[in-house]
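Below: one structure, written as structure tokens.
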Amino acid sequence: MKVVVLASGSKGNCTYIETKKYKLLIDLGMSVKYINSKLKILNTNIDEIDYILITHLHVDHIKYLENFGKDRKTEICVTPSMYKKLKKVNEDLNYFVYEGNMVFENLKVDIINTSHDSIDPRGFLIVEEESSLVYITDTGYLNKRYLNELSNKNLYIIESNHDPKMLREGKYPLWLQRRILS
């Protein structure tokens, strides 16, 4: 499994994953032109992407779905709640609406609920044979029920973002609260 973070941050997020059979993106927060320029370095292009997994609906993760194009074979993987919102943005996309874990032949994508102020935020555990990736972005915390499932994987990409509810409830150490709020 090849994994390359193409962009990360408030300006846009996108990660490329290549397995033996599939090419995926996680999120589409950067322009197709930008993504193609990065994919070209990896000897591929956006038209070869099979699936785009959406973590959540903040603009830095989905900004360019609106202009993605209806003629692409790429399936946009979203929850029913995400689909309800996204079909208003671009109803012509090829949506794959999932309610549980996904399996694409030899590729398994387990869903991880995350803590973020967005509709139905998700993380992913992606497994192909002996390769595994834990991908979690913009989460305040992880529920301990996932710890066994996420232990001892090959690669972890985790971005922890502040959780407004935890801040309000004072669950962060005082020194960290001051730093986050300043």
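Simple scheme: letters A, B, ... for chains in structure tokens order, numbers from 1 for residues in each chain, numbers from 1 for ligands in the order shown.
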List every residue of stretch 41-171 of chain A that DSSP, applied to the backbone, labels as helix (DSSP H, G or I), and write the result as a ChimeraX atom specification.
-> /A:41,46-48,59-62,80-89,144-150,164-168
For A:Asn94, work out the shell of residues within 10 Å, counting only C-alpha atoms and skipping chain neighbours fewer than 4 positions away, then give it as a tab-separated table (two decimals) with N, CA, C and O atoms, in the first residue's frame.
```
chain	number	residue	atom	x	y	z
A	51	TYR	N	-12.11	5.62	-5.83
A	51	TYR	CA	-12.98	6.07	-4.74
A	51	TYR	C	-12.40	7.30	-4.07
A	51	TYR	O	-11.18	7.41	-3.93
A	69	GLY	N	-16.89	17.10	-11.37
A	69	GLY	CA	-17.28	16.64	-12.71
A	69	GLY	C	-18.10	15.38	-12.68
A	69	GLY	O	-17.75	14.42	-12.00
A	70	LYS	N	-19.20	15.40	-13.41
A	70	LYS	CA	-20.13	14.28	-13.38
A	70	LYS	C	-19.70	13.11	-14.27
A	70	LYS	O	-20.23	12.02	-14.16
A	71	ASP	N	-18.76	13.33	-15.17
A	71	ASP	CA	-18.38	12.29	-16.11
A	71	ASP	C	-17.27	11.37	-15.60
A	71	ASP	O	-16.79	10.52	-16.34
A	72	ARG	N	-16.88	11.51	-14.38
A	72	ARG	CA	-15.82	10.67	-13.82
A	72	ARG	C	-16.41	9.37	-13.27
A	72	ARG	O	-17.50	9.37	-12.71
A	73	LYS	N	-15.65	8.30	-13.38
A	73	LYS	CA	-16.09	7.00	-12.85
A	73	LYS	C	-15.91	6.92	-11.33
A	73	LYS	O	-16.47	6.05	-10.68
A	74	THR	N	-15.15	7.83	-10.77
A	74	THR	CA	-14.84	7.82	-9.34
A	74	THR	C	-16.11	7.86	-8.50
A	74	THR	O	-16.99	8.67	-8.72
A	75	GLU	N	-16.16	6.97	-7.50
A	75	GLU	CA	-17.29	6.97	-6.58
A	75	GLU	C	-16.91	7.77	-5.33
A	75	GLU	O	-15.83	7.59	-4.77
A	76	ILE	N	-17.81	8.64	-4.91
A	76	ILE	CA	-17.61	9.46	-3.72
A	76	ILE	C	-18.30	8.75	-2.56
A	76	ILE	O	-19.53	8.64	-2.53
A	77	CYS	N	-17.53	8.25	-1.59
A	77	CYS	CA	-18.05	7.44	-0.48
A	77	CYS	C	-18.45	8.34	0.68
A	77	CYS	O	-17.59	9.02	1.27
A	90	ASN	N	-23.63	19.08	-5.43
A	90	ASN	CA	-23.41	18.51	-6.76
A	90	ASN	C	-24.13	17.17	-6.83
A	90	ASN	O	-23.59	16.14	-6.44
```
Shell of 12 Å around A:Phe68, only C-alpha atoms, local chain residues under 2 positions omitted, as a ChimeraX atom specification | /A:27-33,35,46-47,49,52,62-66,70-76,89-94
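Between atom CA of A:Lys144 and atom CA of A:Thr15 the interatomic distance comes to 25.4 Å.
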A:His116 environment, 7 Å, only C-alpha atoms, sequence neighbours closer than 4 positions dropped, as a count of residues only | 5
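Pairwise distance (atom CA of A:Lys23, atom CA of A:Met1) equals 9.9 Å.
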Find the residues near A:Tyr156: any atom within 7 Å, counting only C-alpha atoms, skip ones fewer than 3 places away on the same chain, and give them as a PyMOL selection string.
-> chain A and resi 133-135
Go ahead and dump the residues you just picked, N, CA and C atoms, as an mmCIF file, in the first residue's frame.
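Writing done, so here's part.cif:
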```cif
data_model
loop_
_atom_site.group_PDB
_atom_site.id
_atom_site.type_symbol
_atom_site.label_atom_id
_atom_site.label_comp_id
_atom_site.auth_asym_id
_atom_site.auth_seq_id
_atom_site.Cartn_x
_atom_site.Cartn_y
_atom_site.Cartn_z
ATOM 1 N N LEU A 133 -3.781 0.856 7.278
ATOM 2 C CA LEU A 133 -3.658 2.295 7.506
ATOM 3 C C LEU A 133 -4.796 2.757 8.400
ATOM 4 N N VAL A 134 -4.447 3.471 9.460
ATOM 5 C CA VAL A 134 -5.437 4.153 10.285
ATOM 6 C C VAL A 134 -5.391 5.619 9.884
ATOM 7 N N TYR A 135 -6.529 6.145 9.431
ATOM 8 C CA TYR A 135 -6.590 7.537 8.965
ATOM 9 C C TYR A 135 -7.689 8.249 9.743
#
```
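Across the structure, atom CA of A:Glu149 and atom CA of A:Met82 are spaced 24.7 Å apart.
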So which bits of chain A end up strand (DSSP E or B) when you DSSP the backbone, as a PyMOL selection string?
-> chain A and resi 2-7+14-18+23-26+51-53+75-78+95-97+102-104+107-113+122-128+131-139+155-160
Give me the residues within 8 Å of A:Leu142 as a list in words, counting only C-alpha atoms and dropping any in the same chain fewer than 4 places off.
-> Thr114, Ser115 and Tyr146 of chain A
